[in-house]
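Here's the structure we're looking at; comments come further down.
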Amino acid sequence: MNGCDAVSLNLPLQFEKVTSKKISDFIFGQLEEAIILKELKSEEQIPSERELAVIFGASRLAVREALAQLEELGLVEKRVGAKGGTFILPLTLNSHRRNREELIRNWNALLEVFEYRTIVEPQAAYLAARKMTDEALGKLKEYIEASADPDCPRETFRALDVQIHLSVAKASANAYLYRSIRQIRTKINPALDLMPYNDAIRSHNNEEHQALYQALSRRDAEASRAIMFRHISQSADAIYSRIFEEREDTLPTQNSTLTSRS
């Protein structure tokens with residue numbers, strides 16, 4: 001017997017307990033993601049229960065349960081009358097009440113998402129610089145220019161910001177990175193919806209996005225990665241400041257920001 005075979009590893013098993021997940025939970029998860037990522041836009045009417053049942057290949061009861069969950073979270077609203085139906089509510093409308101306390105309670109978990117983001121998203125930008133098509137670059141430019149419009153409403157600005165980042169992720173031509181970044185945005189968008197919106201914010205974001213676009217256009221992978229890292233790190237610190245603004249009694253005593261943990 002060689003030395004390798006003689007060693008008893010006693011490795012811990014990494015199994016997780018089985019959880020029961022209803023079909024309505026899967027429907028809820030997909031609709032929630034589309035709403036948080038603003039792919040379903042504010043005040044947009046979503047398909048009827050019957051139509052959603054066909055789309056998801058599920059029963060109307062499962063769809064109804066999923067919609068009830070969305071309504072409970074304040075993401076949709078049912079309206080009656082001739083023009084009734086289920087409509088998407090503006091995510092920023094009550095976000096200061098709905099999200100702040102929850103984000104404070106779950107700050108350490110959110111911080112892990114920020115850390116993960118600094119690994120995943122800059123690498124996606126690096127790959128995008130090498131693989132991005134001219135068509136994808138053109139679409140990215142459209143999103144950036146639209147978000148810089150002084151008359152761009154807050155909800156539209158946030159929706160465009162999501163599409164800018166997802167466009168870069170998709171251009172990486174790596175399905176794992178793209179899916180990861182969608183999940184990341186789903187986690188952090190409630191925090192981003194707490195951020196102020198004014199000319200200074202719009203101008204700063206546009207400068208950052210323009211710098212990224214220029215690096216991608218030059219096919220400069222290293223610069224694209226560095227710019228993306230800087231941009232999302234600044235975003236994490238800004239979110240921290242916003243969430244804990246005038247809340248000194250609730251600030252974590254250590255490991256508060258991305259910078260302090262890097």
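Convention: chains lettered A, B, ... in structure tokens order; per-chain residue numbering from 1; ligands numbered from 1 as shown.
Using only C-alpha atoms, the contacts of Glu155 (chain A) at a cut-off of 12 Å, with sequence neighbours closer than 5 positions omitted, comprise Ile35, Ile36, Leu37, Lys38, Glu39, Leu40, Lys41, Ser42, Glu43, Ile88, Leu89, Pro90, Leu91, Thr92, Leu93, Ser147, Leu160, Asp161, Val162, Asn189, Leu192, Asp193, Leu194, Met195, Pro196 and Tyr197 of chain A.
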Skip Gln30 (chain A) itself and residues of its chain fewer than 6 positions away, then list as a list in words all residues within 12 Å of it, counting only C-alpha atoms.
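My reading of the contact set: Ile23, Ser24, Ile36, Leu37, Glu39, Leu40, Leu52, Ile55, Phe56, Val63, Ala66, Leu67, Leu70, Arg182, Gln183 and Thr186 of chain A.
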Could you pull out all residues of region 35-217 of chain A with a DSSP call of alpha helix (DSSP H) and give them as an MDAnalysis selection string?
chainID A and resid 35:36 49:56 60:72 95:98 100:105 107:131 134:147 154:171 175:192 199:217
DSSP on the backbone: what in region 21-94 of chain A comes out strand (DSSP E), as number ranges by chain?
A: 76-79, 85-88
Can you tell me how far CA of Glu207 (chain A) sits from CA of Ala223 (chain A), in Å to one decimal?
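Interatomic distance, CA of Glu207 (chain A) to CA of Ala223 (chain A): 14.8 Å.
Note that CA of Lys131 (chain A) and CA of Ala173 (chain A) are 7.1 Å apart.
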Residue with smallest distance to Lys141 (chain A) - pool A:Leu127, A:Ala62, A:Leu212, A:Val54, counting only C-alpha atoms
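Nearest to Lys141 (chain A): A:Leu212.
Neighbours of Leu110 (chain A) closer than or equal to 9 Å, with only C-alpha atoms counted and sequence neighbours fewer than 5 positions away skipped, come out as Leu103, Glu115, Lys187 and Ile188 of chain A.
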Selected residues, N, CA, C and O atoms, written as a PDB file, in the first residue's frame, please.
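File result-v4.pdb, as written:
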```
ATOM      1  N   LEU A 103     -32.194  45.385   4.616  1.00  0.00           N
ATOM      2  CA  LEU A 103     -30.802  45.425   4.166  1.00  0.00           C
ATOM      3  C   LEU A 103     -29.840  45.587   5.339  1.00  0.00           C
ATOM      4  O   LEU A 103     -28.748  45.026   5.345  1.00  0.00           O
ATOM      5  N   GLU A 115     -18.572  41.329  -2.593  1.00  0.00           N
ATOM      6  CA  GLU A 115     -17.253  40.726  -2.779  1.00  0.00           C
ATOM      7  C   GLU A 115     -17.243  39.796  -3.990  1.00  0.00           C
ATOM      8  O   GLU A 115     -16.301  39.800  -4.792  1.00  0.00           O
ATOM      9  N   LYS A 187     -29.962  40.498  -6.294  1.00  0.00           N
ATOM     10  CA  LYS A 187     -29.685  40.688  -4.869  1.00  0.00           C
ATOM     11  C   LYS A 187     -29.437  42.156  -4.515  1.00  0.00           C
ATOM     12  O   LYS A 187     -29.861  42.621  -3.452  1.00  0.00           O
ATOM     13  N   ILE A 188     -28.740  42.887  -5.391  1.00  0.00           N
ATOM     14  CA  ILE A 188     -28.319  44.245  -5.016  1.00  0.00           C
ATOM     15  C   ILE A 188     -29.253  45.340  -5.517  1.00  0.00           C
ATOM     16  O   ILE A 188     -29.183  46.471  -5.027  1.00  0.00           O
TER      17      ILE A 188
END
```
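Of the residues under consideration (A:Arg158, A:Arg60, A:Arg130, A:Arg225), A:Arg158 shows the shortest atom-to-atom contact distance to Ala191 (chain A) when counting only C-alpha atoms.
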Just give me the gap between CA of Glu44 (chain A) and CA of Phe87 (chain A) in Å, one decimal is fine.
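Distance between the two atoms: 5.6 Å.
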